[in-house]
Structure formats: structure tokens, C-alpha cells
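S.K.: Here you go, this is run_9.cif (mmCIF, C-alpha atoms).
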data_model
loop_
_atom_site.group_PDB
_atom_site.id
_atom_site.type_symbol
_atom_site.label_atom_id
_atom_site.label_comp_id
_atom_site.auth_asym_id
_atom_site.auth_seq_id
_atom_site.Cartn_x
_atom_site.Cartn_y
_atom_site.Cartn_z
ATOM 1 C CA MET A 1 0.000 0.000 0.000
ATOM 2 C CA GLU A 2 1.412 3.354 -1.039
ATOM 3 C CA LEU A 3 0.471 6.922 -0.173
ATOM 4 C CA ARG A 4 -0.438 7.658 -3.784
ATOM 5 C CA GLN A 5 -2.982 4.820 -3.627
ATOM 6 C CA LEU A 6 -4.448 6.283 -0.444
ATOM 7 C CA ARG A 7 -4.706 9.727 -2.013
ATOM 8 C CA SER A 8 -6.418 8.279 -5.071
ATOM 9 C CA PHE A 9 -8.844 6.321 -2.897
ATOM 10 C CA VAL A 10 -9.747 9.393 -0.812
ATOM 11 C CA VAL A 11 -10.435 11.520 -3.895
ATOM 12 C CA VAL A 12 -12.586 8.797 -5.448
ATOM 13 C CA ALA A 13 -14.436 8.439 -2.130
ATOM 14 C CA GLU A 14 -15.049 12.192 -2.049
ATOM 15 C CA GLU A 15 -16.260 12.382 -5.647
ATOM 16 C CA LEU A 16 -17.913 8.950 -5.878
ATOM 17 C CA ASN A 17 -17.179 9.269 -9.574
ATOM 18 C CA VAL A 18 -14.040 7.887 -11.193
ATOM 19 C CA GLY A 19 -14.133 10.386 -14.044
ATOM 20 C CA ARG A 20 -14.246 13.478 -11.807
ATOM 21 C CA ALA A 21 -11.665 11.962 -9.464
ATOM 22 C CA ALA A 22 -9.312 11.274 -12.390
ATOM 23 C CA VAL A 23 -9.530 14.925 -13.446
ATOM 24 C CA ARG A 24 -8.646 16.095 -9.915
ATOM 25 C CA LEU A 25 -5.723 13.676 -9.755
ATOM 26 C CA HIS A 26 -4.517 14.419 -13.287
ATOM 27 C CA LEU A 27 -4.757 10.730 -14.165
ATOM 28 C CA THR A 28 -6.539 8.774 -16.860
ATOM 29 C CA GLN A 29 -9.616 6.847 -15.754
ATOM 30 C CA PRO A 30 -8.037 3.430 -16.546
ATOM 31 C CA THR A 31 -4.949 4.296 -14.524
ATOM 32 C CA LEU A 32 -7.048 5.408 -11.568
ATOM 33 C CA SER A 33 -9.248 2.308 -11.794
ATOM 34 C CA ARG A 34 -6.153 0.085 -11.761
ATOM 35 C CA GLN A 35 -4.845 1.889 -8.646
ATOM 36 C CA ILE A 36 -8.115 1.324 -6.778
ATOM 37 C CA ALA A 37 -8.245 -2.310 -7.874
ATOM 38 C CA ALA A 38 -4.672 -2.878 -6.732
ATOM 39 C CA LEU A 39 -5.451 -1.276 -3.370
ATOM 40 C CA GLU A 40 -8.477 -3.541 -2.918
ATOM 41 C CA ARG A 41 -6.347 -6.591 -3.710
ATOM 42 C CA ASP A 42 -3.707 -5.493 -1.176
ATOM 43 C CA LEU A 43 -6.357 -4.979 1.494
ATOM 44 C CA GLY A 44 -8.396 -8.054 0.616
ATOM 45 C CA VAL A 45 -11.663 -6.072 0.791
ATOM 46 C CA GLU A 46 -13.992 -4.254 -1.592
ATOM 47 C CA LEU A 47 -13.956 -0.523 -1.025
ATOM 48 C CA PHE A 48 -16.598 0.508 -3.565
ATOM 49 C CA ALA A 49 -19.804 -0.998 -4.916
ATOM 50 C CA ARG A 50 -22.432 -0.070 -7.507
ATOM 51 C CA ILE A 51 -25.976 0.080 -6.224
ATOM 52 C CA LYS A 52 -28.648 0.998 -8.755
ATOM 53 C CA LYS A 53 -26.047 2.565 -11.019
ATOM 54 C CA ARG A 54 -24.692 4.596 -8.121
ATOM 55 C CA PHE A 55 -21.007 4.371 -7.081
ATOM 56 C CA VAL A 56 -20.898 4.041 -3.272
ATOM 57 C CA LEU A 57 -18.525 3.131 -0.486
ATOM 58 C CA THR A 58 -18.899 -0.240 1.131
ATOM 59 C CA ALA A 59 -18.944 -0.549 4.899
ATOM 60 C CA ALA A 60 -15.265 -1.526 4.732
ATOM 61 C CA GLY A 61 -14.637 1.458 2.476
ATOM 62 C CA GLU A 62 -16.228 3.878 4.938
ATOM 63 C CA THR A 63 -14.064 2.539 7.767
ATOM 64 C CA PHE A 64 -10.951 2.651 5.609
ATOM 65 C CA LEU A 65 -11.722 6.210 4.434
ATOM 66 C CA ALA A 66 -11.493 7.649 7.966
ATOM 67 C CA GLU A 67 -8.205 5.868 8.610
ATOM 68 C CA ALA A 68 -6.804 6.806 5.196
ATOM 69 C CA GLN A 69 -7.635 10.470 5.740
ATOM 70 C CA ASP A 70 -5.883 10.346 9.114
ATOM 71 C CA LEU A 71 -2.822 8.653 7.600
ATOM 72 C CA LEU A 72 -2.595 11.274 4.854
ATOM 73 C CA ARG A 73 -3.017 14.100 7.354
ATOM 74 C CA ARG A 74 -0.226 12.723 9.529
ATOM 75 C CA SER A 75 1.935 12.134 6.450
ATOM 76 C CA ASP A 76 1.501 15.762 5.412
ATOM 77 C CA GLU A 77 2.259 16.913 8.947
ATOM 78 C CA ALA A 78 5.427 14.797 8.994
ATOM 79 C CA VAL A 79 6.579 16.372 5.731
ATOM 80 C CA ARG A 80 5.909 19.878 7.018
ATOM 81 C CA ALA A 81 7.659 19.118 10.320
ATOM 82 C CA ALA A 82 10.724 17.799 8.491
ATOM 83 C CA GLN A 83 10.806 20.872 6.267
ATOM 84 C CA ARG A 84 10.427 23.222 9.234
ATOM 85 C CA THR A 85 13.158 21.377 11.102
ATOM 86 C CA GLN A 86 15.450 21.744 8.095
ATOM 87 C CA ARG A 87 14.722 25.492 8.133
ATOM 88 C CA GLY A 88 15.470 25.653 11.866
ATOM 89 C CA GLU A 89 11.864 26.450 12.805
ATOM 90 C CA LEU A 90 11.518 23.259 14.871
ATOM 91 C CA GLY A 91 13.953 21.384 17.067
ATOM 92 C CA THR A 92 15.845 21.983 20.296
ATOM 93 C CA LEU A 93 18.476 24.596 21.105
ATOM 94 C CA ARG A 94 20.822 23.466 23.883
ATOM 95 C CA LEU A 95 22.056 26.713 25.422
ATOM 96 C CA ARG A 96 24.199 27.174 28.524
ATOM 97 C CA PHE A 97 25.069 30.473 30.173
ATOM 98 C CA VAL A 98 27.086 32.038 32.954
ATOM 99 C CA GLN A 99 24.985 33.479 35.728
ATOM 100 C CA SER A 100 25.848 37.098 34.980
ATOM 101 C CA ALA A 101 24.144 36.725 31.582
ATOM 102 C CA THR A 102 20.744 36.150 33.178
ATOM 103 C CA PHE A 103 19.999 39.749 34.113
ATOM 104 C CA GLU A 104 20.093 41.437 30.691
ATOM 105 C CA VAL A 105 21.663 39.650 27.735
ATOM 106 C CA LEU A 106 19.960 36.258 28.093
ATOM 107 C CA PRO A 107 16.396 37.659 28.357
ATOM 108 C CA ARG A 108 17.060 39.985 25.422
ATOM 109 C CA LEU A 109 18.430 37.280 23.127
ATOM 110 C CA LEU A 110 15.903 34.617 24.103
ATOM 111 C CA GLY A 111 13.022 37.068 23.773
ATOM 112 C CA ALA A 112 14.033 37.930 20.218
ATOM 113 C CA PHE A 113 14.603 34.292 19.314
ATOM 114 C CA ARG A 114 11.310 33.131 20.827
ATOM 115 C CA THR A 115 9.455 35.784 18.828
ATOM 116 C CA ALA A 116 11.100 34.642 15.595
ATOM 117 C CA TYR A 117 10.927 30.878 16.242
ATOM 118 C CA PRO A 118 8.223 30.122 18.821
ATOM 119 C CA LYS A 119 8.175 26.348 18.158
ATOM 120 C CA VAL A 120 11.842 25.714 19.021
ATOM 121 C CA VAL A 121 12.352 23.998 22.386
ATOM 122 C CA LEU A 122 14.893 25.768 24.601
ATOM 123 C CA ASP A 123 17.130 23.536 26.738
ATOM 124 C CA LEU A 124 18.639 26.019 29.219
ATOM 125 C CA GLU A 125 20.996 25.661 32.167
ATOM 126 C CA THR A 126 23.658 27.691 33.963
ATOM 127 C CA MET A 127 27.216 26.497 33.398
ATOM 128 C CA THR A 128 30.672 27.925 34.007
ATOM 129 C CA THR A 129 32.767 29.179 31.114
ATOM 130 C CA LEU A 130 35.239 26.314 31.411
ATOM 131 C CA HIS A 131 32.523 23.663 31.361
ATOM 132 C CA GLN A 132 30.786 25.391 28.459
ATOM 133 C CA THR A 133 33.907 25.298 26.295
ATOM 134 C CA GLU A 134 34.308 21.588 27.033
ATOM 135 C CA ALA A 135 30.636 20.895 26.234
ATOM 136 C CA LEU A 136 30.829 22.892 22.992
ATOM 137 C CA ARG A 137 33.949 21.054 21.918
ATOM 138 C CA ASP A 138 32.338 17.673 22.697
ATOM 139 C CA GLY A 139 29.071 18.557 20.953
ATOM 140 C CA ARG A 140 26.968 18.230 24.112
ATOM 141 C CA ILE A 141 25.538 21.739 23.729
ATOM 142 C CA ASP A 142 24.846 24.018 20.753
ATOM 143 C CA VAL A 143 25.693 27.457 22.054
ATOM 144 C CA GLY A 144 27.113 29.135 25.152
ATOM 145 C CA LEU A 145 26.939 32.551 26.749
ATOM 146 C CA LEU A 146 30.282 32.858 28.492
ATOM 147 C CA ARG A 147 33.167 35.067 29.543
ATOM 148 C CA PRO A 148 35.932 33.972 27.126
ATOM 149 C CA SER A 149 38.796 35.403 29.190
ATOM 150 C CA ALA A 150 39.482 37.470 32.271
ATOM 151 C CA PRO A 151 40.378 41.141 31.810
ATOM 152 C CA SER A 152 44.024 41.975 32.434
ATOM 153 C CA GLY A 153 44.771 41.830 36.131
ATOM 154 C CA GLY A 154 43.642 38.262 36.776
ATOM 155 C CA THR A 155 46.117 35.529 37.585
ATOM 156 C CA GLU A 156 44.270 32.985 35.443
ATOM 157 C CA LYS A 157 42.954 33.198 31.934
ATOM 158 C CA VAL A 158 40.396 30.990 30.236
ATOM 159 C CA GLU A 159 40.593 30.832 26.456
ATOM 160 C CA LEU A 160 38.039 29.277 24.164
ATOM 161 C CA ALA A 161 38.930 25.764 23.082
ATOM 162 C CA PRO A 162 40.606 25.627 19.652
ATOM 163 C CA GLY A 163 38.109 25.518 16.805
ATOM 164 C CA LEU A 164 35.284 27.380 18.564
ATOM 165 C CA SER A 165 33.803 30.598 17.209
ATOM 166 C CA SER A 166 32.536 33.489 19.308
ATOM 167 C CA ARG A 167 30.890 36.870 19.053
ATOM 168 C CA VAL A 168 30.928 39.572 21.731
ATOM 169 C CA VAL A 169 27.421 40.576 22.789
ATOM 170 C CA SER A 170 28.188 42.701 25.855
ATOM 171 C CA SER A 171 31.105 44.487 27.492
ATOM 172 C CA ASP A 172 30.449 44.883 31.209
ATOM 173 C CA PRO A 173 32.125 46.872 33.996
ATOM 174 C CA VAL A 174 32.825 45.779 37.565
ATOM 175 C CA LEU A 175 30.581 47.476 40.143
ATOM 176 C CA VAL A 176 30.619 47.777 43.923
ATOM 177 C CA ALA A 177 27.672 46.382 45.896
ATOM 178 C CA LEU A 178 27.113 48.156 49.216
ATOM 179 C CA PRO A 179 24.546 47.877 51.995
ATOM 180 C CA ALA A 180 22.150 50.780 51.487
ATOM 181 C CA ARG A 181 23.100 52.242 54.897
ATOM 182 C CA HIS A 182 26.831 52.029 54.224
ATOM 183 C CA ARG A 183 28.843 55.232 54.751
ATOM 184 C CA LEU A 184 29.856 55.240 51.053
ATOM 185 C CA ALA A 185 26.379 54.521 49.694
ATOM 186 C CA ARG A 186 25.638 58.195 49.017
ATOM 187 C CA ARG A 187 28.537 58.462 46.588
ATOM 188 C CA LYS A 188 27.923 57.887 42.866
ATOM 189 C CA ARG A 189 31.458 56.694 42.111
ATOM 190 C CA LEU A 190 34.129 55.168 44.300
ATOM 191 C CA ARG A 191 37.820 54.399 44.105
ATOM 192 C CA LEU A 192 38.617 50.769 44.735
ATOM 193 C CA SER A 193 41.225 51.778 47.312
ATOM 194 C CA GLU A 194 38.447 53.277 49.457
ATOM 195 C CA LEU A 195 37.288 49.716 50.169
ATOM 196 C CA ALA A 196 40.630 48.615 51.621
ATOM 197 C CA ASP A 197 39.334 48.390 55.188
ATOM 198 C CA GLU A 198 36.014 46.768 54.335
ATOM 199 C CA SER A 199 34.890 43.205 54.857
ATOM 200 C CA PHE A 200 34.081 41.497 51.562
ATOM 201 C CA VAL A 201 31.532 38.972 50.352
ATOM 202 C CA PHE A 202 33.104 37.190 47.376
ATOM 203 C CA TYR A 203 32.449 34.559 44.758
ATOM 204 C CA ALA A 204 33.512 31.134 46.006
ATOM 205 C CA ARG A 205 36.761 30.369 44.225
ATOM 206 C CA PRO A 206 36.012 26.677 43.424
ATOM 207 C CA THR A 207 32.932 27.670 41.405
ATOM 208 C CA GLY A 208 34.542 30.629 39.656
ATOM 209 C CA PRO A 209 38.342 30.718 39.913
ATOM 210 C CA VAL A 210 38.823 33.196 37.062
ATOM 211 C CA VAL A 211 36.329 35.683 38.501
ATOM 212 C CA TYR A 212 37.723 35.269 42.005
ATOM 213 C CA ASP A 213 41.368 35.686 41.002
ATOM 214 C CA THR A 214 40.638 38.606 38.696
ATOM 215 C CA LEU A 215 38.727 40.588 41.310
ATOM 216 C CA VAL A 216 41.362 39.884 43.949
ATOM 217 C CA GLY A 217 43.946 41.019 41.403
ATOM 218 C CA PHE A 218 42.099 44.303 40.920
ATOM 219 C CA CYS A 219 42.145 44.895 44.676
ATOM 220 C CA ARG A 220 45.855 44.139 44.951
ATOM 221 C CA ALA A 221 46.578 46.522 42.085
ATOM 222 C CA ALA A 222 44.711 49.163 44.114
ATOM 223 C CA GLY A 223 47.046 48.554 47.057
ATOM 224 C CA PHE A 224 45.259 46.055 49.311
ATOM 225 C CA THR A 225 44.246 42.425 49.650
ATOM 226 C CA PRO A 226 40.486 42.088 50.265
ATOM 227 C CA ARG A 227 39.462 40.722 53.647
ATOM 228 C CA ILE A 228 36.939 38.069 52.587
ATOM 229 C CA GLU A 229 34.573 37.306 55.442
ATOM 230 C CA GLN A 230 32.052 35.259 53.483
ATOM 231 C CA ASP A 231 31.826 33.629 50.064
ATOM 232 C CA ALA A 232 28.929 32.304 47.976
ATOM 233 C CA ALA A 233 28.490 30.346 44.770
ATOM 234 C CA ASP A 234 25.960 32.652 43.095
ATOM 235 C CA VAL A 235 25.390 36.359 42.733
ATOM 236 C CA GLN A 236 21.902 36.391 44.267
ATOM 237 C CA THR A 237 23.287 34.960 47.487
ATOM 238 C CA ILE A 238 26.125 37.493 47.448
ATOM 239 C CA VAL A 239 23.638 40.348 47.118
ATOM 240 C CA SER A 240 21.542 38.942 49.971
ATOM 241 C CA LEU A 241 24.605 38.758 52.206
ATOM 242 C CA VAL A 242 25.556 42.326 51.318
ATOM 243 C CA ALA A 243 22.011 43.431 52.139
ATOM 244 C CA ALA A 244 22.358 41.682 55.506
ATOM 245 C CA GLY A 245 25.429 43.803 56.247
ATOM 246 C CA LEU A 246 28.020 41.034 56.087
ATOM 247 C CA GLY A 247 30.247 43.103 53.822
ATOM 248 C CA VAL A 248 30.643 44.785 50.448
ATOM 249 C CA SER A 249 31.244 43.022 47.159
ATOM 250 C CA LEU A 250 32.520 43.437 43.612
ATOM 251 C CA LEU A 251 30.155 42.228 40.905
ATOM 252 C CA ILE A 252 30.197 42.069 37.126
ATOM 253 C CA ALA A 253 27.394 44.174 35.651
ATOM 254 C CA PRO A 254 24.534 43.891 35.020
ATOM 255 C CA THR A 255 23.514 43.164 38.578
ATOM 256 C CA PRO A 256 20.407 41.283 39.741
ATOM 257 C CA PRO A 257 17.277 43.262 40.602
ATOM 258 C CA SER A 258 17.282 44.223 44.255
ATOM 259 C CA ASP A 259 15.624 46.505 46.777
ATOM 260 C CA PRO A 260 17.473 49.877 46.679
ATOM 261 C CA THR A 261 16.658 50.335 50.361
ATOM 262 C CA SER A 262 18.775 47.231 51.066
ATOM 263 C CA VAL A 263 21.555 47.215 48.446
ATOM 264 C CA VAL A 264 23.013 49.858 46.144
ATOM 265 C CA TYR A 265 25.440 49.498 43.232
ATOM 266 C CA ARG A 266 28.131 52.056 42.533
ATOM 267 C CA GLU A 267 30.583 52.571 39.680
ATOM 268 C CA LEU A 268 34.340 52.507 40.170
ATOM 269 C CA SER A 269 36.461 55.414 39.009
ATOM 270 C CA ASP A 270 39.492 53.112 38.605
ATOM 271 C CA ASP A 271 40.564 52.404 35.047
ATOM 272 C CA LEU A 272 39.502 48.753 35.098
ATOM 273 C CA PRO A 273 39.055 46.839 31.823
ATOM 274 C CA PRO A 274 35.490 45.735 31.049
ATOM 275 C CA TRP A 275 34.587 42.071 31.040
ATOM 276 C CA GLN A 276 33.305 40.735 27.729
ATOM 277 C CA LEU A 277 30.332 38.425 27.458
ATOM 278 C CA SER A 278 30.307 36.357 24.275
ATOM 279 C CA VAL A 279 28.172 33.872 22.422
ATOM 280 C CA ALA A 280 30.266 30.818 21.507
ATOM 281 C CA TRP A 281 29.580 27.843 19.253
ATOM 282 C CA SER A 282 31.326 25.176 17.221
ATOM 283 C CA PRO A 283 31.420 25.854 13.462
ATOM 284 C CA ASP A 284 31.235 22.068 13.010
ATOM 285 C CA ASN A 285 27.725 22.080 14.489
ATOM 286 C CA ARG A 286 25.337 21.952 11.503
ATOM 287 C CA SER A 287 22.153 22.344 13.542
ATOM 288 C CA PRO A 288 19.652 24.496 11.576
ATOM 289 C CA VAL A 289 18.298 25.787 14.901
ATOM 290 C CA LEU A 290 21.775 27.053 15.823
ATOM 291 C CA THR A 291 22.012 28.798 12.465
ATOM 292 C CA ARG A 292 18.712 30.565 13.091
ATOM 293 C CA PHE A 293 19.814 31.584 16.602
ATOM 294 C CA LEU A 294 23.042 33.104 15.288
ATOM 295 C CA GLU A 295 21.060 34.985 12.650
ATOM 296 C CA VAL A 296 18.817 36.461 15.353
ATOM 297 C CA ILE A 297 21.872 37.548 17.334
#
Using C-alpha cells, write down the structure from this file.
M.R.:
Amino acid sequence: MELRQLRSFVVVAEELNVGRAAVRLHLTQPTLSRQIAALERDLGVELFARIKKRFVLTAAGETFLAEAQDLLRRSDEAVRAAQRTQRGELGTLRLRFVQSATFEVLPRLLGAFRTAYPKVVLDLETMTTLHQTEALRDGRIDVGLLRPSAPSGGTEKVELAPGLSSRVVSSDPVLVALPARHRLARRKRLRLSELADESFVFYARPTGPVVYDTLVGFCRAAGFTPRIEQDAADVQTIVSLVAAGLGVSLLIAPTPPSDPTSVVYRELSDDLPPWQLSVAWSPDNRSPVLTRFLEVI
């Protein structure tokens, strides 16, 4: 049984006239009659009968018509789905991102992509830069939002794995997070050296060694080693600890939304290099969905 036989059967069943059905199908009547006869032989049932010179469906034909129409509908849907997948309109995008991307860049990019391709499934998860580069190289993810390298001043540097491509989407400064009642909170800009006597809440080094070492390097370049009283693995926890008065912190912008009566963010007047946020991918990845995502970016 072939799809063309099913299509011929459905048209004949709709017209109940072989001549009109042949015109719709752009076939000769003998050819169409042979197709229907072959289908009946394959099925082992009669699909049509003549009753008082009328061409009608048999009971078996009526049952088969509903199933044939469903098969053809699903066949057409499968073709359209395959074509849309080839165009990158369907499928899954496996995207990983560093936490600092979640407050501005990630919502902006995903919002634009969702508007353009609403049927694509988004597989999202936070992941460090180092783990993202490994996953991109191994083909476990399609695209990453990461910090390719530390600005000058850090003691460690993370480079993209060989063969990966990247595009800068944001260049972000380092800000100071202060309790809202802090003595320096009224200032719009601060020098890093003014924080020399403060207690600090810092990123936990095991979860972000490049960020940790770079920020400590900035402090040492300003003439002091930060006194770290508390560390945390994520920026939301850091901000909560600052709000609780456990210390001040240095964060990569943009910062998470917070209550200005609890925490304030201030710029640094020091000439610190910005920290780039990039989209990274493997050029060997031929995913149509990835291609569409890069086009949106």
C-alpha cells in the first residue's frame, strides 16, 4: 500500500465518480481504476460498490476512508515538520550560560529568538565558562553565553577551546555592591582603594576561579588584599549577604534586581578593563536551529 494509492482512494471516495476523481488527480480513468483495484487486492476487501447505477462506499470502504484520511493528514504533517526542522523552525536549542548573563543579555536574546521561532524547544541551564567550552567542543551543547577570558589583572585566563567561534554581545564593567546604609552609599562613584578596610563577600573560588582571582587582582593593584569574610556560589546569594550587612562586594554588571533600600550598586572610578560576554559555538555544528539563533543575534 502506497500513499499515492491512499490519495487516489480518498479523492474517489469524495467524488464517488471515477471520471471526476481522475480529473482532480490528473490521471486517466483506466490508470485510476487500476490503482483502486490494486489497493483492494492489497487490502483483501472491496472498497466501492455499484448500487442501482450509483457508485458508493462499502462498509469496509467507509471505515478505511477515515483511517486513510488520518494517515494522509499525519503524512503531510510529517513532511511539514521535516521541512520546518530543516529550516530551523523546529527542534531543540541546547544553550548554557554564565549566571551574569541572566539579568540582561539572556532575556534579550531569548526574547528575540522566541518571537522569531516560537516552536523551538529551549534547553537552558547555567554552566561555568570552562565547562561550556568543554561541552561545545564535545558537541553536548549548541551554544554558550560565556566570559571567554578574564580582563588583564587576573592571575588565570580561560581561552576558548581551539576551533570554537565566538561573538561579543556585551562588554560589562565591575561594580561595587554596598549595603544601602553604608557610609559610602551616598557616593555615585568610588575608588577601589576606598574599600581597603572593608569586609568582603566574594564569589567562592572553586565555582569561579577566574572571577575570584581577577577581582582579587584588581584589589591588589589598588594597594590592598580584600578581607573576605564570606563567600557564595551565586550572585543572588552574594547580594543577599551584602544586604544583611556582612560586607561589600565586587560584581560584574549587570547586577540582579534588588531593593534599593537594602543594596546599592556604585561605579568605580578606577581604570579597570570591562569584562566581555560572548556567544560561543562550534562551526562544526550543523544544527539548523543554531544557524537561526546566530542569525537572530
S.K.: Rank nothing, just name the residue among A:Leu164, A:Tyr117, A:Leu16, A:Gln86 nearest to Asp138 of chain A, using only C-alpha atoms.
M.R.: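 For Asp138 of chain A, the nearest of the candidates is A:Leu164.
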S.K.: What does the distance from atom CA of Val143 of chain A to atom CA of Tyr203 of chain A come to in Å, to one decimal?
M.R.: 24.7 Å
S.K.: What's the 7 Å shell around Val174 of chain A, counting only C-alpha atoms, without same-chain residues fewer than 6 positions away, as a ChimeraX atom specification?
M.R.: /A:250-253
S.K.: Produce the centre coordinates and the three edge lengths, each in Å to one decimal, of the box along x, y and z that contains all listed atoms of segment 211-227 of chain A with 3 Å added on each side, as AutoDock Vina command-line options.
M.R.:
--center_x 41.7 --center_y 42.2 --center_z 46.1 --size_x 16.7 --size_y 19.9 --size_z 21.1
S.K.: Just the residues within 8 Å of Ser258 of chain A, please, counting all atoms listed in the file, with nothing from its chain fewer than 4 positions along; format it as an NGL selection string.
M.R.: :A and (239 or 262-263)
S.K.: With all atoms listed in the file as the atoms that count, which of A:Val18, A:Val211, A:Ala243, A:Leu294 lies nearest to Ser166 of chain A?
M.R.: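 Closest residue, counting all atoms listed in the file: A:Leu294.
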S.K.: Run the PyMOL selection byres ((chain A and resi 223) around 12) mentally over the shown coordinates, then write out the matched residues as a PDB file with C-alpha atoms, keeping the file's coordinate frame, using the chain letters and numbers from the document.
M.R.:
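Here's the written file part.pdb:
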ATOM      1  CA  ARG A 191      37.820  54.399  44.105  1.00  0.00           C
ATOM      2  CA  LEU A 192      38.617  50.769  44.735  1.00  0.00           C
ATOM      3  CA  SER A 193      41.225  51.778  47.312  1.00  0.00           C
ATOM      4  CA  GLU A 194      38.447  53.277  49.457  1.00  0.00           C
ATOM      5  CA  LEU A 195      37.288  49.716  50.169  1.00  0.00           C
ATOM      6  CA  ALA A 196      40.630  48.615  51.621  1.00  0.00           C
ATOM      7  CA  ASP A 197      39.334  48.390  55.188  1.00  0.00           C
ATOM      8  CA  VAL A 216      41.362  39.884  43.949  1.00  0.00           C
ATOM      9  CA  GLY A 217      43.946  41.019  41.403  1.00  0.00           C
ATOM     10  CA  PHE A 218      42.099  44.303  40.920  1.00  0.00           C
ATOM     11  CA  CYS A 219      42.145  44.895  44.676  1.00  0.00           C
ATOM     12  CA  ARG A 220      45.855  44.139  44.951  1.00  0.00           C
ATOM     13  CA  ALA A 221      46.578  46.522  42.085  1.00  0.00           C
ATOM     14  CA  ALA A 222      44.711  49.163  44.114  1.00  0.00           C
ATOM     15  CA  PHE A 224      45.259  46.055  49.311  1.00  0.00           C
ATOM     16  CA  THR A 225      44.246  42.425  49.650  1.00  0.00           C
ATOM     17  CA  PRO A 226      40.486  42.088  50.265  1.00  0.00           C
TER      18      PRO A 226
END
S.K.: Which residues would end up in the selection if the PyMOL selection byres ((chain A and resi 121-133) around 8) were applied here, given that I need the answer as a ChimeraX atom specification?
M.R.: /A:90-99,119-120,134-137,141,144,146-148,158,160-161,207-208
S.K.: By how many Å are atom CA of Phe9 of chain A and atom CA of Arg54 of chain A apart?
M.R.: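 Computed distance, atom CA of Phe9 of chain A to atom CA of Arg54 of chain A, equals 16.8 Å.
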S.K.: Find the distance between atom CA of Gly163 of chain A and atom CA of Tyr212 of chain A and write it in Å to one decimal.
M.R.: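 Distance reported for this atom pair: 27.0 Å.
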S.K.: Run through the PyMOL selection byres ((chain A and resi 176) around 6) on the given coordinates and return the selected residues as a ChimeraX atom specification.
M.R.: /A:175,177,249-250,265-266
S.K.: Residues near Ala66 of chain A, anyone? I mean within 10 Å using all atoms listed in the file, not counting same-chain ones fewer than 5 positions away, as a list in words.
M.R.: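 Residues meeting the cut-off are Val10, Gly61 and Leu71 of chain A.
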S.K.: Would you kindly return, as an NGL selection string, each protein, DNA or RNA residue with an atom no farther than 12 Å from any atom of Asp70 of chain A, considering all atoms listed in the file and excluding same-chain residues fewer than 4 positions away?
M.R.: :A and (3 or 6-7 or 10 or 63-66 or 74-77)
S.K.: Which of these, A:Val210, A:Val11, A:Val248, A:Leu272, has the shortest distance to Asp231 of chain A once you count all atoms listed in the file?
M.R.: A:Val248
S.K.: From the options A:Gly139, A:Gly245, A:Pro288, A:Pro179, which residue's atoms come nearest to Gln230 of chain A, counting all atoms listed in the file?
M.R.: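 Of A:Gly139, A:Gly245, A:Pro288, A:Pro179, the one nearest Gln230 of chain A, counting all atoms listed in the file, is A:Gly245.
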